[in-house]
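For reference, the structure is listed below as structure tokens.
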Amino acid sequence: MSNLRLKLSAPRIAAAPAHRMRLGQHLVAAGIIGPDDLLHGLALQRRIDAPLGEILAAEGLVSPDDVVKALARQYGVQPVDLTRSPSDPRLSRQIPVALCLQFGAVPWLELGDRLLVATGRPGDFAQFCTALGERGEALILVIADPQQVLTQIGRLYATELAHQAATRVPAAESCRNWGAQQGKRQSLTLGLLGAIVALLVLFPSAVVSLMLIWATLTLLMTSGLKGAALWASLALARSPPIPSKPEDLTGFRLPRVSVLVPLLHEKEIAQELIARLSRLTYPKSLLEVVLVLEEGDHITRGTIARTQLPGWINVIEVPDAGALKTKPRALNYALDFCRGSIIGVWDAEDAPEPDQIEQVVTRFQNAPENVACLQGVLDFYNSRSNWMARCFAIEYATWWRVILPGIARLGLVVPLGGTTLFFRRDILQTLGAWDAHNVTEDADLGLRLARHGYVTELLPTTTYEEANCRPWLWVRQRSRWLKGYLITWSVHMRRPRALLKDLGLLRFLGVQAIFLATFSQFALAPLLWSLWLSFFGLYHPVTDWLGPPMMTAIFTLFILSELLNLCVSCLAVSKRGHRHLLPWVITLPLYFAMGAVAATKALYELHRRPHFWDKTAHGQTLPHTDARAKTPLKTLPRAGPLPASAGS
């Protein structure tokens with residue numbers, strides 16, 4: 001305790017005075033690194049936006065504990081181990097959590113009228129004290145490992161941060177109040193269902209005819225969207241972007257990138273995920289991969305505990321606060337603990353291309369400021385596993401390589417996928433990040449970005465993941481997507497005029513086709529299939545109302561739409577790497593037959609459990625790793641002699 005008293009008598013320190021040795025000099029003087037290692041770290045610091053200590057630790061030249069002790073010597077203050085001596089939980093009222101997160105500091109110990117604050121960023125301590133006003137005069141600096149500081153912030157402010165994670169998005173743009181009138185909504189739903197059943201009994205032909213007309217209109221909408229997207233993909237094709245090269249990253253200081261990887265009950269995939277992410281070639285001192293776990297997820301925690309994590313991979317546990325446990329809530333919570341100016345999202349089974357982060361950073365550097373999001377392309381490493389995996393791969397290739405690029409080139413709203421997303425952090429936070437209650441938070445966020453005037457671009461970088469290849473797992477996943485599409489449409493259609501004003505007529509119609517018409521097509525598919533009765537000369541109840549000419553027109557539209565689907569899918573898998581899927585395109589109608597079951601499940605859950613997150617199970621097949629995912633790890637070369645300096 002005597003050493004602590006000596007440190008308390010020292011003045012508050014904002015930055016190391018000019019006459020003191022810098023961090024690098026302390027590390028050299030202690031014999032932890034040599035002069036060549038210091039020069040290498042300083043050379044990297046000129047190219048990347050990170051403190052010298054983090055750079056040296058990421059290069060494997062020092063340990064985090066070495067950096068903490070060197071910083072303590074540099075600033076003449078006490079180092080602390082927050083794992084052995086955690087913060088006093090009663091101190092959470094002393095400092096607002098927003099300031100703790102902003103400056104990477106946490107209250108540690110109160111002695112009389114003095115408050116000891118632990119941080120791994122002592123250079124920001126003076127600014128931190130100023131932000132607290134008069135309270136800042138009583139603060140004393142101690143040094144701790146930055147990751148330990150974040151762990152203590154999560155421990156002290158868990159309840160407050162969990163509440164914020166669930167309510168980030170403004171209520172007017174969120175579906176969190178969906179359950180507030182659950183009783184009224186359920187009564188209305190039951191009443192509507194009863195009315196439909198009664199009408200079906202009394203006027204079966206009329207009701208089925210109206211349903212068929214709606215199915216036809218939505219079929220026309222979805223087919224029109226696909227046709228326009230196909231035309232845009234072909235007629236408005238752009239020259240393929242030139243892949244990023246190391247020299248593309250030399251004109252600016254590289255930013256820190258934080259990538260969130262939400263995990264839940266991952267018994268089979270956690271260790272493989274770490275191995276795949278280790279192939280990334282972006283400087284590890286600027287890469288922060290955050291594994292996001294739920295507090296009660298002992299399965300994933302046990303898996304990770306048996307795995308040696310590199311220093312650039314952190315673990316954040318989301319507090320168990322209430323019944324809501326969704327991916328967007330976990331993302332919102334973890335976002336507060338990220339330090340990157342670019343925020344990315346990967347899924348548990350993802351295998352991104354090794355240079356994916358370089359491509360993201362380069363594009364954000366060169367893109368206009370209103371480009372808020374970059375969406376990568378998804379592909380599969382198990383597309384040969386079985387028939388379902390093949391069809392799933394065809395469906396995704398159609399969407400990611402033809403339809404979605406066409407939608408983007410037409411200037412329509414781009415519904416985001418749940419992975420390989422990268423955002424400018426400031427814009428993401430301004431919009432409130434993800435809606436924690438929406439089970440398709442990605443599509444909802446894409447629509448909110450468009451409504452606020454921001455642009456989403458598609459990036460030609462691929463992430464390989466596991467194709468869903470089990471029938472019931474497919475139904476569960478698809479029902480969540482369809483339920484989320486309905487919820488997203490309902491939220492943004494609360495005020496149709498405002499949506500029309502924000503998007504314009506063309507994009508407004510695109511939203512109707514993407515969200516409402518897509519669900520309608522899955523739900524009413526059996527009604528469209530029943531048209532084959534008339535084709536084979538059998539009686540169909542709608543002929544009493546619609547007549548032969550109308551039935552012929554509807555059937556013709558149905559056949560043309562199916563041919564369009566097959567043509568688009570053939571085009572999507574006609575290039576190298578996907579040609580093995582061509583013979584299976586003709587079986588897609590059988591594959592999509594399961595969609596009617598998924599739509600029925602989605603409607604039931606919309607009525608009973610609108611916020612229930614039916615998690616997709618991973619690790620169902622052994623991955624067939626793409627050769628491009630085995631690119632050797634690249635490192636930045638060591639630089640030659642630099643001007644004399646020891647780093648700040």
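Following the order of the structure tokens, chains are lettered A, B, ..., residues in each are numbered from 1, and ligands are numbered from 1.
For Leu150 of chain A, the list of residues within 8 Å, based on only C-alpha atoms and with local chain neighbours fewer than 3 positions off taken out, reads Leu101, Gly104, Ala105, Val106, Pro146, Gln147, Ile153, Gly154 and Phe337 of chain A.
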| request: List every residue of segment 396-560 of chain A that DSSP, applied to the backbone of this structure, assigns to alpha helix (DSSP H), and report them as a PyMOL selection string. | output: chain A and resi 396-398+404-409+425-430+441-451+471-492+496-503+505-511+518-523+525-529+531-535+543-560
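Nearest residue to Lys615 of chain A, choosing from A:Ser479, A:Thr159, A:Thr303, A:Thr167 and counting only C-alpha atoms: A:Ser479.
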| All strand (DSSP E or B) positions in segment 197-438 of chain A, as a PyMOL selection string | chain A and resi 254+257-262+287-294+313-318+342-345+351-352+371-380+421-424
| message | So, with only C-alpha atoms as the atoms that count, which of A:Cys338, A:Ile394, A:Ala29, A:Leu404 lies closest to Asn468 of chain A? | response | A:Ile394
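Shortest atom-to-atom contact with Gly411 of chain A among A:Ala229, A:Ile559, A:Leu132, A:Ala348: A:Ala229, counting only C-alpha atoms.
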| said: Need the shell around Val80 of chain A: protein/DNA/RNA residues with any atom at most 9 Å away, counting only C-alpha atoms. Skip same-chain ones fewer than 4 positions apart. Format as a PyMOL selection string? | reply: chain A and resi 68+84-85+118+142-145
Segment 374-409 of chain A near segment 429-452 of chain A within 12 Å: what's each residue's closest atom pair and its distance in Å to one decimal, counting only C-alpha atoms, ordered by chain then ascending residue number, as a tab-separated table?
residue	atom	partner	partner_atom	distance
A:Leu374	CA	A:Gly446	CA	10.7
A:Gln375	CA	A:Gly446	CA	10.2
A:Ala408	CA	A:Ala450	CA	11.5
